[in-house]
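Chemist: Contents are compact mmCIF, C-alpha atoms; file name start_25.txt:
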# COMPACT_ATOMS: atom_id res chain seq x y z
CA MET D 1384 55.48 -4.77 -0.39
CA THR D 1385 55.34 -5.85 -4.03
CA PHE D 1386 52.38 -5.06 -6.28
CA SER D 1387 51.19 -8.69 -6.32
CA MET D 1388 51.39 -8.88 -2.52
CA LYS D 1389 49.18 -5.81 -2.30
CA ILE D 1390 46.63 -7.48 -4.57
CA ILE D 1391 46.71 -10.64 -2.47
CA THR D 1392 46.22 -8.65 0.76
CA ASN D 1393 43.38 -6.64 -0.75
CA ASN D 1394 41.60 -9.75 -1.94
CA ILE D 1395 41.98 -11.53 1.38
CA LEU D 1396 40.48 -8.49 3.08
CA LEU D 1397 37.68 -8.51 0.52
CA LEU D 1398 36.99 -12.19 1.16
CA VAL D 1399 36.90 -11.64 4.93
CA PHE D 1400 34.52 -8.70 4.48
CA VAL D 1401 32.16 -10.69 2.21
CA SER D 1402 32.19 -13.62 4.66
CA ILE D 1403 31.36 -11.36 7.61
CA CYS D 1404 28.50 -9.80 5.60
CA ASN D 1405 27.11 -13.23 4.74
CA ILE D 1406 27.35 -14.47 8.32
CA SER D 1407 25.68 -11.38 9.78
CA TYR D 1408 22.92 -11.50 7.11
CA SER D 1409 22.11 -15.15 7.84
CA GLN D 1410 22.15 -14.47 11.59
CA SER D 1411 19.71 -11.60 11.21
CA ASN D 1412 17.24 -14.03 9.66
CA THR D 1413 17.20 -16.47 12.55
CA GLU D 1414 14.43 -16.32 15.10
CA LYS D 1415 15.31 -14.90 18.48
CA ILE D 1416 15.63 -17.47 21.22
CA TYR D 1417 14.89 -16.27 24.72
CA ASP D 1418 16.78 -17.05 27.89
CA HIS D 1419 14.94 -19.26 30.37
CA LYS D 1420 16.36 -17.46 33.41
CA THR D 1421 16.37 -13.79 32.50
CA ASP D 1422 13.37 -13.56 30.17
CA THR D 1423 9.73 -13.73 31.24
CA LEU D 1424 8.33 -16.67 29.35
CA ILE D 1425 5.00 -18.45 29.14
CA VAL D 1426 4.90 -22.09 30.17
CA LEU D 1427 2.50 -24.43 28.36
CA GLY D 1428 2.19 -27.61 30.39
CA GLU D 1429 5.81 -28.49 31.09
CA LYS D 1430 7.27 -26.61 28.14
CA ILE D 1431 8.74 -23.14 28.41
CA VAL D 1432 7.87 -21.28 25.22
CA ASP D 1433 11.12 -19.62 24.13
CA THR D 1434 10.37 -19.09 20.43
CA TYR D 1435 7.68 -17.22 18.53
CA THR D 1436 6.39 -20.40 16.90
CA ILE D 1437 5.94 -23.76 18.60
CA LEU D 1438 4.86 -27.08 17.13
CA ILE D 1439 2.55 -29.18 19.27
CA ASN D 1440 0.03 -31.99 18.94
CA ARG D 1441 -3.56 -30.80 19.11
CA GLU D 1442 -4.33 -33.30 21.88
CA ALA D 1443 -1.30 -32.19 23.88
CA LEU D 1444 -2.57 -28.61 23.83
CA LEU D 1445 -6.06 -29.73 24.83
CA ASN D 1446 -4.58 -31.46 27.88
CA ILE D 1447 -3.17 -28.15 29.08
CA ASP D 1448 -5.56 -26.22 31.31
CA LEU D 1449 -3.51 -23.26 32.45
CA LEU D 1450 -0.95 -20.81 31.14
CA SER D 1451 1.81 -20.22 33.65
CA VAL D 1452 5.01 -18.18 33.76
CA ASN D 1453 8.63 -19.20 34.32
CA GLN D 1454 9.05 -16.45 36.94
CA ASN D 1455 7.57 -17.59 40.28
CA ASP D 1456 6.25 -14.19 41.35
CA LEU D 1457 4.21 -13.66 38.18
CA LYS D 1458 0.95 -15.14 36.95
CA VAL D 1459 -1.16 -14.79 33.80
CA VAL D 1460 -4.27 -12.70 34.47
CA SER D 1461 -5.72 -12.49 30.95
CA PHE D 1462 -5.01 -13.48 27.36
CA SER D 1463 -6.77 -14.03 24.07
CA MET D 1464 -6.73 -16.82 21.52
CA ASN D 1465 -6.90 -15.93 17.85
CA ALA D 1466 -7.68 -18.74 15.41
CA LEU D 1467 -7.39 -18.28 11.65
CA ALA D 1468 -8.56 -20.50 8.82
CA LEU D 1469 -9.82 -19.90 5.30
CA GLY D 1470 -12.71 -17.45 5.73
CA GLN D 1471 -12.52 -17.71 9.53
CA ASN D 1472 -10.99 -15.34 12.04
CA ILE D 1473 -12.12 -15.79 15.61
CA THR D 1474 -10.80 -14.23 18.81
CA LEU D 1475 -11.72 -15.59 22.24
CA ASN D 1476 -10.74 -13.95 25.51
CA SER D 1477 -9.89 -15.40 28.87
CA LYS D 1478 -10.01 -13.28 32.00
CA SER D 1479 -7.72 -15.65 33.87
CA ASN D 1480 -4.88 -18.07 33.11
CA VAL D 1481 -7.36 -20.79 32.12
CA LEU D 1482 -7.63 -22.11 28.58
CA THR D 1483 -11.44 -21.86 28.44
CA THR D 1484 -13.86 -24.53 27.20
CA GLU D 1485 -14.81 -22.28 24.26
CA MET D 1486 -11.16 -22.08 23.25
CA LYS D 1487 -10.73 -25.84 23.49
CA ASN D 1488 -13.93 -26.43 21.50
CA GLU D 1489 -12.63 -24.13 18.77
CA ILE D 1490 -9.26 -25.93 18.70
CA LEU D 1491 -11.19 -29.20 18.40
CA ASN D 1492 -13.50 -27.88 15.66
CA LYS D 1493 -13.27 -30.72 13.14
CA TYR D 1494 -15.12 -28.84 10.42
CA ILE D 1495 -12.80 -25.84 10.31
CA ASN D 1496 -9.72 -27.78 11.48
CA TYR D 1497 -7.55 -24.83 12.46
CA LYS D 1498 -3.95 -25.56 11.54
CA PHE D 1499 -2.56 -22.94 13.91
CA ILE D 1500 -3.68 -20.50 16.60
CA TYR D 1501 -2.17 -17.45 18.28
CA LEU D 1502 -2.01 -16.62 21.95
CA LYS D 1503 -2.06 -12.83 22.16
CA ASN D 1504 -2.46 -9.94 24.61
CA ILE D 1505 -1.03 -12.00 27.44
CA LEU D 1506 -1.07 -9.90 30.59
CA LEU D 1507 0.90 -10.82 33.69
CA GLU D 1508 0.54 -9.62 37.23
CA SER D 1509 2.96 -9.74 40.13
CA LYS D 1510 1.99 -10.50 43.73
CA ASP D 1511 1.92 -6.78 44.52
CA GLY D 1512 -0.51 -6.11 41.66
CA GLN D 1513 1.89 -4.68 39.07
CA GLU D 1514 1.19 -5.54 35.45
CA PHE D 1515 3.82 -6.97 33.10
CA LEU D 1516 4.07 -8.30 29.57
CA PRO D 1517 5.92 -11.51 28.74
CA SER D 1518 9.06 -11.42 26.59
CA THR D 1519 7.20 -13.36 23.89
CA LYS D 1520 4.29 -10.98 23.25
CA ASN D 1521 2.52 -13.35 20.86
CA ILE D 1522 2.86 -17.10 20.51
CA LYS D 1523 2.01 -18.96 17.32
CA ILE D 1524 1.00 -22.54 18.04
CA VAL D 1525 1.15 -24.75 14.96
CA PHE D 1526 -0.54 -28.14 15.21
CA LYS D 1527 1.50 -31.12 14.12
CA ASN D 1528 -1.65 -33.10 13.32
CA MET F 689 53.63 -17.18 -11.58
CA ASN F 690 52.90 -14.39 -9.10
CA LEU F 691 50.57 -12.81 -11.60
CA LEU F 692 48.71 -16.11 -11.97
CA LYS F 693 48.30 -16.38 -8.20
CA SER F 694 47.02 -12.84 -7.98
CA LEU F 695 44.59 -13.50 -10.79
CA LEU F 696 43.32 -16.60 -9.00
CA ILE F 697 42.74 -14.68 -5.82
CA VAL F 698 40.96 -11.90 -7.70
CA VAL F 699 38.66 -14.54 -9.22
CA ILE F 700 37.99 -16.06 -5.78
CA GLY F 701 37.40 -12.58 -4.42
CA ILE F 702 34.74 -11.67 -6.95
CA LEU F 703 33.11 -15.12 -6.93
CA PRO F 704 30.63 -14.26 -4.14
CA PHE F 705 29.47 -11.24 -6.12
CA VAL F 706 29.07 -13.33 -9.27
CA VAL F 707 27.03 -15.90 -7.34
CA ASN F 708 24.98 -13.13 -5.78
CA ALA F 709 24.26 -11.68 -9.19
CA GLN F 710 23.04 -14.94 -10.67
CA SER F 711 19.52 -13.55 -10.86
CA ASN F 712 20.79 -11.32 -13.63
CA ASN F 713 21.71 -14.29 -15.81
CA TYR F 714 19.66 -13.76 -18.95
CA LYS F 715 20.38 -17.18 -20.43
CA VAL F 716 17.63 -18.59 -18.21
CA ARG F 717 14.15 -17.23 -17.63
CA LYS F 718 14.19 -14.64 -14.87
CA CYS F 719 12.85 -16.05 -11.57
CA PHE F 720 12.23 -19.48 -13.12
CA GLY F 721 11.76 -22.05 -10.33
CA TYR F 722 12.37 -19.38 -7.70
CA GLN F 723 9.66 -20.80 -5.42
CA ARG F 724 11.34 -24.22 -5.46
CA ASP F 725 14.74 -22.81 -4.62
CA SER F 726 13.87 -20.07 -2.18
CA CYS F 727 10.59 -20.80 -0.36
CA THR F 728 10.65 -22.89 2.81
CA THR F 729 8.73 -26.13 2.53
CA SER F 730 6.64 -27.51 5.36
CA ALA F 731 8.28 -29.75 7.94
CA ASN F 732 5.28 -32.06 7.49
CA ILE F 733 6.48 -34.84 5.18
CA PHE F 734 2.95 -35.57 3.92
CA TYR F 735 2.76 -32.29 2.03
CA LYS F 736 3.31 -32.53 -1.72
CA LEU F 737 4.22 -29.76 -4.12
CA ASN F 738 1.17 -28.34 -5.89
CA GLU F 739 1.55 -27.59 -9.57
CA ASP F 740 -0.12 -24.20 -9.15
CA SER F 741 3.05 -22.98 -7.41
CA ARG F 742 4.67 -20.21 -9.38
CA SER F 743 7.13 -17.36 -9.39
CA ALA F 744 7.44 -14.09 -11.25
CA LEU F 745 9.36 -10.88 -11.53
CA PHE F 746 7.79 -8.02 -9.58
CA VAL F 747 8.35 -4.31 -9.33
CA LYS F 748 8.01 -2.38 -6.06
CA GLY F 749 4.43 -1.20 -5.56
CA GLN F 750 3.02 -3.83 -7.90
CA SER F 751 0.00 -6.01 -7.14
CA SER F 752 -0.79 -9.22 -8.93
CA GLN F 753 -3.28 -12.04 -8.71
CA THR F 754 -3.21 -15.70 -9.57
CA ILE F 755 -6.06 -18.19 -9.56
CA VAL F 756 -5.71 -21.49 -7.71
CA SER F 757 -8.18 -24.37 -7.54
CA ILE F 758 -8.52 -25.91 -4.08
CA TYR F 759 -10.36 -29.13 -3.32
CA ASN F 760 -12.49 -30.39 -0.45
CA GLY F 761 -10.74 -32.86 1.85
CA ARG F 762 -7.30 -31.40 1.37
CA ASP F 763 -5.02 -29.29 3.53
CA TYR F 764 -3.09 -26.55 1.79
CA ARG F 765 -0.06 -24.53 2.75
CA ILE F 766 0.74 -21.40 0.77
CA SER F 767 4.08 -19.79 1.48
CA LEU F 768 5.78 -16.77 -0.01
CA CYS F 769 9.38 -15.87 -0.58
CA TRP F 770 10.93 -12.90 -2.33
CA ASP F 771 14.15 -11.09 -3.03
CA HIS F 772 15.04 -8.87 -0.08
CA ILE F 773 15.26 -5.92 -2.46
CA LEU F 774 11.44 -5.83 -2.49
CA GLY F 775 11.21 -5.11 1.25
CA ASN F 776 10.73 -7.08 4.43
CA ARG F 777 6.99 -7.64 4.27
CA MET F 778 4.42 -8.38 1.61
CA GLY F 779 0.64 -8.09 1.41
CA PHE F 780 -0.99 -11.46 0.84
CA LYS F 781 -4.72 -12.02 0.46
CA ILE F 782 -6.89 -14.96 -0.51
CA LEU F 783 -10.23 -14.14 -2.11
CA ASP F 784 -13.11 -16.29 -3.26
CA ARG F 785 -13.08 -16.09 -7.04
CA GLU F 786 -16.88 -16.03 -7.33
CA THR F 787 -17.94 -13.82 -4.45
CA LYS F 788 -14.69 -11.80 -4.18
CA ASN F 789 -14.96 -12.16 -0.40
CA VAL F 790 -11.64 -11.87 1.40
CA LEU F 791 -11.01 -15.26 2.99
CA TYR F 792 -7.62 -14.43 4.40
CA ASP F 793 -5.54 -11.29 4.75
CA ASN F 794 -2.06 -11.52 6.19
CA SER F 795 -2.27 -7.93 7.50
CA THR F 796 -4.51 -9.42 10.24
CA ASP F 797 -1.95 -12.17 10.76
CA GLU F 798 1.17 -10.09 11.47
CA PHE F 799 2.13 -10.20 7.78
CA ALA F 800 2.78 -13.93 7.99
CA THR F 801 4.61 -15.37 5.01
CA ASP F 802 2.78 -18.68 5.10
CA PHE F 803 -0.80 -19.76 5.64
CA GLU F 804 -2.05 -23.27 6.23
CA PHE F 805 -5.70 -24.25 6.01
CA THR F 806 -8.16 -27.08 5.51
CA VAL F 807 -10.62 -26.94 2.63
CA THR F 808 -14.22 -27.95 3.31
CA GLN F 809 -15.62 -26.82 -0.04
CA SER F 810 -13.92 -27.05 -3.42
CA ARG F 811 -13.60 -23.68 -5.09
CA ASP F 812 -11.34 -21.38 -7.03
CA ILE F 813 -9.46 -18.83 -5.00
CA ILE F 814 -7.53 -15.75 -5.98
CA VAL F 815 -4.12 -15.34 -4.38
CA GLU F 816 -3.32 -11.63 -4.40
CA LEU F 817 0.13 -10.30 -3.66
CA SER F 818 0.97 -6.65 -3.03
CA ILE F 819 4.55 -5.50 -3.00
CA PRO F 820 5.08 -2.51 -0.72
CA GLY F 821 6.76 0.67 -1.84
CA GLU F 822 6.65 2.36 -5.19
CA SER F 823 8.63 2.43 -8.38
CA THR F 824 8.63 4.57 -11.49
CA LEU F 825 6.28 1.99 -13.05
CA SER F 826 3.74 2.04 -10.20
CA LYS F 827 3.85 5.86 -10.10
CA SER F 828 3.23 6.25 -13.83
CA GLU F 829 -0.36 6.79 -14.92
CA GLY F 830 -0.28 4.74 -18.08
CA ASN F 831 0.79 7.63 -20.28
CA GLU F 832 3.15 6.84 -23.08
CA GLU F 833 6.02 8.45 -21.24
CA LEU F 834 9.41 6.81 -21.09
CA ILE F 835 9.69 4.75 -17.91
CA ILE F 836 13.03 3.72 -16.56
CA ILE F 837 13.00 1.05 -13.87
CA ARG F 838 16.16 0.37 -11.92
CA LYS F 839 16.61 -3.39 -12.00
CA ASP F 840 19.01 -3.36 -9.10
CA LYS F 841 16.73 -1.39 -6.78
CA GLU F 842 13.13 -1.79 -7.85
CA MET F 843 12.70 -5.34 -9.19
CA GLY F 844 12.94 -8.76 -7.67
CA CYS F 845 11.62 -12.31 -7.81
CA VAL F 846 8.58 -13.46 -5.85
CA GLY F 847 7.73 -17.10 -5.33
CA VAL F 848 4.41 -18.62 -4.27
CA LEU F 849 4.91 -22.17 -3.06
CA ILE F 850 1.71 -24.19 -2.72
CA GLU F 851 1.73 -27.55 -0.97
CA HIS F 852 -1.19 -29.89 -0.38
CA MET F 853 -2.03 -33.13 1.38
CA ILE F 854 -5.10 -35.19 2.22
CA THR F 855 -6.64 -33.83 5.42
CA PRO F 856 -5.64 -36.24 8.19
CA THR F 857 -8.62 -38.00 9.78
CA LYS F 858 -9.36 -37.17 13.39
CA GLY F 859 -10.17 -39.95 15.85
CA PHE F 860 -10.74 -43.59 14.90
Please go through the file and, once you have read it, give me the structure as structure tokens.
Modeler:
Amino acid sequence: MTFSMKIITNNILLLVFVSICNISYSQSNTEKIYDHKTDTLIVLGEKIVDTYTILINREALLNIDLLSVNQNDLKVVSFSMNALALGQNITLNSKSNVLTTEMKNEILNKYINYKFIYLKNILLESKDGQEFLPSTKNIKIVFKN
Amino acid sequence: MNLLKSLLIVVIGILPFVVNAQSNNYKVRKCFGYQRDSCTTSANIFYKLNEDSRSALFVKGQSSQTIVSIYNGRDYRISLCWDHILGNRMGFKILDRETKNVLYDNSTDEFATDFEFTVTQSRDIIVELSIPGESTLSKSEGNEELIIIRKDKEMGCVGVLIEHMITPTKGF
């Protein structure tokens, strides 16, 4: 192998290495997407929540009464809603799978106008009474309007 | 001819590193316009860029504040971006300039890098950023000792992108 061929080979290897580094770095920054069959995911209305953040219309969320799960043998037994705004930080708890009236009133609060809320501490229970956590531990719901 | 080809490939080979090291170009102001180039803007098309957006060079362990005026009847979105050399999370607080009350603290919000809110009362707020970690500068106690800061390991750009829009009316 001539000297120039060696240089060419080295530089091609270098280029490949840099490209792999760039690809893996950009992939590490993407949000994890969960699998609808194997992961335990929360269902809001008809939508399976498979990302940490979801965008939704405020009215669409208010039309949802229950949190459900994509696995038939599991149900939500408790969760909390955390709403944040400038100078406001409120946490409301539900002891069932129902989005309570207090939660809906807070989402509707026109004075504070929360731009996003979190669903946290979601606890699931199987038919035989075992407790589980969903794959998406917390869900950030950002309002489109 | 072979030499020319080799030279070309060497140039192509080092190009990614040159591009990566653009932040060390001293012909332009360090971090100038960083927030425009690096922070993620809102998907909401009604948001406009606020002129209080800014960027600066930070050292690990440094805290800094900037004052922003916010107005009643507007929605604001403040988002942060920074060079990965400064770590993977950043402290971000919003304080009332008059009362010094903490209005928002991202440590209670899973170290979120953006915060969106509606303003119901015009006021001046303080946006406070805290870079985690420590550097020779943050460890020094202000003595007149010689401080050497490693630019490649302890310094990086931070951008604060502020967007605003008129609060959308609810109902008819």
Chemist: How would you write as a compact mmCIF listing (two decimals) with C-alpha atoms, keeping the file's coordinate frame the residues that get within 9 Å of (-2.1, -26.8, 19.7) in the file's frame, counting all atoms listed in the file?
Modeler:
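out-v9.txt, freshly written:
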# COMPACT_ATOMS: atom_id res chain seq x y z
CA ILE D 1437 5.94 -23.76 18.60
CA LEU D 1438 4.86 -27.08 17.13
CA ILE D 1439 2.55 -29.18 19.27
CA ASN D 1440 0.03 -31.99 18.94
CA ARG D 1441 -3.56 -30.80 19.11
CA GLU D 1442 -4.33 -33.30 21.88
CA ALA D 1443 -1.30 -32.19 23.88
CA LEU D 1444 -2.57 -28.61 23.83
CA LEU D 1445 -6.06 -29.73 24.83
CA ILE D 1490 -9.26 -25.93 18.70
CA LYS D 1498 -3.95 -25.56 11.54
CA PHE D 1499 -2.56 -22.94 13.91
CA ILE D 1500 -3.68 -20.50 16.60
CA ILE D 1524 1.00 -22.54 18.04
CA VAL D 1525 1.15 -24.75 14.96
CA PHE D 1526 -0.54 -28.14 15.21
CA LYS D 1527 1.50 -31.12 14.12
CA ASN D 1528 -1.65 -33.10 13.32
Chemist: For F:Phe803, which residue out of D:Ile1522, D:Leu1516, D:Ala1468, D:Leu1507 is the nearest one, using all atoms listed in the file?
Modeler: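 Ranking D:Ile1522, D:Leu1516, D:Ala1468, D:Leu1507 by distance to F:Phe803, first place goes to D:Ala1468.
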Chemist: Considering all atoms listed in the file, state which residue in the set F:Glu842, F:Glu786, F:Glu822, F:Asp763 is at the smallest distance from chain D.
Modeler: F:Asp763
Chemist: Would you mind listing what lies within 10 Å of stretch 732-745 of chain F as a PDB file with C-alpha atoms, in the coordinates of the input, with only C-alpha atoms counted and same-chain residues fewer than 6 positions away left out?
Modeler:
ATOM      1  CA  LYS D1527       1.500 -31.120  14.120  1.00  0.00           C
ATOM      2  CA  ASN D1528      -1.650 -33.100  13.320  1.00  0.00           C
TER       3      ASN D1528
ATOM      4  CA  ARG F 717      14.150 -17.230 -17.630  1.00  0.00           C
ATOM      5  CA  LYS F 718      14.190 -14.640 -14.870  1.00  0.00           C
ATOM      6  CA  CYS F 719      12.850 -16.050 -11.570  1.00  0.00           C
ATOM      7  CA  PHE F 720      12.230 -19.480 -13.120  1.00  0.00           C
ATOM      8  CA  GLY F 721      11.760 -22.050 -10.330  1.00  0.00           C
ATOM      9  CA  TYR F 722      12.370 -19.380  -7.700  1.00  0.00           C
ATOM     10  CA  GLN F 723       9.660 -20.800  -5.420  1.00  0.00           C
ATOM     11  CA  ARG F 724      11.340 -24.220  -5.460  1.00  0.00           C
ATOM     12  CA  SER F 752      -0.790  -9.220  -8.930  1.00  0.00           C
ATOM     13  CA  THR F 754      -3.210 -15.700  -9.570  1.00  0.00           C
ATOM     14  CA  ILE F 755      -6.060 -18.190  -9.560  1.00  0.00           C
ATOM     15  CA  VAL F 756      -5.710 -21.490  -7.710  1.00  0.00           C
ATOM     16  CA  SER F 757      -8.180 -24.370  -7.540  1.00  0.00           C
ATOM     17  CA  ILE F 758      -8.520 -25.910  -4.080  1.00  0.00           C
ATOM     18  CA  ASP F 763      -5.020 -29.290   3.530  1.00  0.00           C
ATOM     19  CA  TYR F 764      -3.090 -26.550   1.790  1.00  0.00           C
ATOM     20  CA  ARG F 765      -0.060 -24.530   2.750  1.00  0.00           C
ATOM     21  CA  ILE F 766       0.740 -21.400   0.770  1.00  0.00           C
ATOM     22  CA  SER F 767       4.080 -19.790   1.480  1.00  0.00           C
ATOM     23  CA  LEU F 768       5.780 -16.770  -0.010  1.00  0.00           C
ATOM     24  CA  CYS F 769       9.380 -15.870  -0.580  1.00  0.00           C
ATOM     25  CA  TRP F 770      10.930 -12.900  -2.330  1.00  0.00           C
ATOM     26  CA  ASP F 771      14.150 -11.090  -3.030  1.00  0.00           C
ATOM     27  CA  MET F 843      12.700  -5.340  -9.190  1.00  0.00           C
ATOM     28  CA  GLY F 844      12.940  -8.760  -7.670  1.00  0.00           C
ATOM     29  CA  CYS F 845      11.620 -12.310  -7.810  1.00  0.00           C
ATOM     30  CA  VAL F 846       8.580 -13.460  -5.850  1.00  0.00           C
ATOM     31  CA  GLY F 847       7.730 -17.100  -5.330  1.00  0.00           C
ATOM     32  CA  VAL F 848       4.410 -18.620  -4.270  1.00  0.00           C
ATOM     33  CA  LEU F 849       4.910 -22.170  -3.060  1.00  0.00           C
ATOM     34  CA  ILE F 850       1.710 -24.190  -2.720  1.00  0.00           C
ATOM     35  CA  GLU F 851       1.730 -27.550  -0.970  1.00  0.00           C
ATOM     36  CA  HIS F 852      -1.190 -29.890  -0.380  1.00  0.00           C
ATOM     37  CA  MET F 853      -2.030 -33.130   1.380  1.00  0.00           C
ATOM     38  CA  ILE F 854      -5.100 -35.190   2.220  1.00  0.00           C
ATOM     39  CA  THR F 855      -6.640 -33.830   5.420  1.00  0.00           C
ATOM     40  CA  PRO F 856      -5.640 -36.240   8.190  1.00  0.00           C
TER      41      PRO F 856
END
Chemist: So the first atom is atom CA of F:Asn760 and the second is atom CA of F:Tyr792; what is the distance between them in Å, to one decimal place?
Modeler: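 For atom CA of F:Asn760 relative to atom CA of F:Tyr792, the distance reads 17.4 Å.
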Chemist: Identify the residues within 10 Å of coordinate (-11.9, -26.3, 28.4) (same frame as the file), considering all atoms listed in the file, and give the answer as a list in words.
Modeler: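 Counting all atoms listed in the file, I find these residues within 10 Å of (-11.9, -26.3, 28.4): Leu1445, Asn1446, Ile1447, Asp1448, Leu1449, Val1481, Leu1482, Thr1483, Thr1484, Glu1485, Met1486, Lys1487, Asn1488 and Glu1489 of chain D.
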Chemist: How far is it from atom CA of D:Ala1466 to atom CA of F:Thr728, in Å with one decimal?
Modeler: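 Going from atom CA of D:Ala1466 over to atom CA of F:Thr728, I get 22.6 Å.
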Chemist: Please provide as a PDB file with C-alpha atoms, in the frame of the given file all residues within 12 Å of stretch 773-777 of chain F, with the sequence filter that same-chain residues fewer than 2 positions apart are discarded (counting all atoms listed in the file).
Modeler:
ATOM      1  CA  ASN D1412      17.240 -14.030   9.660  1.00  0.00           C
TER       2      ASN D1412
ATOM      3  CA  LEU F 745       9.360 -10.880 -11.530  1.00  0.00           C
ATOM      4  CA  PHE F 746       7.790  -8.020  -9.580  1.00  0.00           C
ATOM      5  CA  VAL F 747       8.350  -4.310  -9.330  1.00  0.00           C
ATOM      6  CA  LYS F 748       8.010  -2.380  -6.060  1.00  0.00           C
ATOM      7  CA  GLY F 749       4.430  -1.200  -5.560  1.00  0.00           C
ATOM      8  CA  GLN F 750       3.020  -3.830  -7.900  1.00  0.00           C
ATOM      9  CA  LEU F 768       5.780 -16.770  -0.010  1.00  0.00           C
ATOM     10  CA  CYS F 769       9.380 -15.870  -0.580  1.00  0.00           C
ATOM     11  CA  TRP F 770      10.930 -12.900  -2.330  1.00  0.00           C
ATOM     12  CA  ASP F 771      14.150 -11.090  -3.030  1.00  0.00           C
ATOM     13  CA  GLY F 779       0.640  -8.090   1.410  1.00  0.00           C
ATOM     14  CA  PHE F 780      -0.990 -11.460   0.840  1.00  0.00           C
ATOM     15  CA  ASN F 794      -2.060 -11.520   6.190  1.00  0.00           C
ATOM     16  CA  SER F 795      -2.270  -7.930   7.500  1.00  0.00           C
ATOM     17  CA  ASP F 797      -1.950 -12.170  10.760  1.00  0.00           C
ATOM     18  CA  GLU F 798       1.170 -10.090  11.470  1.00  0.00           C
ATOM     19  CA  PHE F 799       2.130 -10.200   7.780  1.00  0.00           C
ATOM     20  CA  ALA F 800       2.780 -13.930   7.990  1.00  0.00           C
ATOM     21  CA  THR F 801       4.610 -15.370   5.010  1.00  0.00           C
ATOM     22  CA  ASP F 802       2.780 -18.680   5.100  1.00  0.00           C
ATOM     23  CA  LEU F 817       0.130 -10.300  -3.660  1.00  0.00           C
ATOM     24  CA  SER F 818       0.970  -6.650  -3.030  1.00  0.00           C
ATOM     25  CA  ILE F 819       4.550  -5.500  -3.000  1.00  0.00           C
ATOM     26  CA  PRO F 820       5.080  -2.510  -0.720  1.00  0.00           C
ATOM     27  CA  GLY F 821       6.760   0.670  -1.840  1.00  0.00           C
ATOM     28  CA  GLU F 822       6.650   2.360  -5.190  1.00  0.00           C
ATOM     29  CA  SER F 823       8.630   2.430  -8.380  1.00  0.00           C
ATOM     30  CA  ARG F 838      16.160   0.370 -11.920  1.00  0.00           C
ATOM     31  CA  LYS F 839      16.610  -3.390 -12.000  1.00  0.00           C
ATOM     32  CA  ASP F 840      19.010  -3.360  -9.100  1.00  0.00           C
ATOM     33  CA  LYS F 841      16.730  -1.390  -6.780  1.00  0.00           C
ATOM     34  CA  GLU F 842      13.130  -1.790  -7.850  1.00  0.00           C
ATOM     35  CA  MET F 843      12.700  -5.340  -9.190  1.00  0.00           C
ATOM     36  CA  GLY F 844      12.940  -8.760  -7.670  1.00  0.00           C
ATOM     37  CA  CYS F 845      11.620 -12.310  -7.810  1.00  0.00           C
ATOM     38  CA  VAL F 846       8.580 -13.460  -5.850  1.00  0.00           C
TER      39      VAL F 846
END
Chemist: Pick out the closest residue to D:Thr1474 from this set: F:Arg811, F:Thr796, F:Ser730, F:Glu816. Count only C-alpha atoms.
Modeler: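 The answer is F:Thr796, which sits nearest to D:Thr1474.
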Chemist: For atom CA of F:Ile813 and atom CA of F:Asp793, quote the distance in Å rounded to one decimal.
Modeler: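 So the answer is 12.9 Å.
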Chemist: Which is closer to F:Asn789 than all the others in F:Phe805, F:Gln753, F:His772, F:Ile814, using all atoms listed in the file?
Modeler: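 Of F:Phe805, F:Gln753, F:His772, F:Ile814, the one nearest F:Asn789 is F:Ile814, counting all atoms listed in the file.
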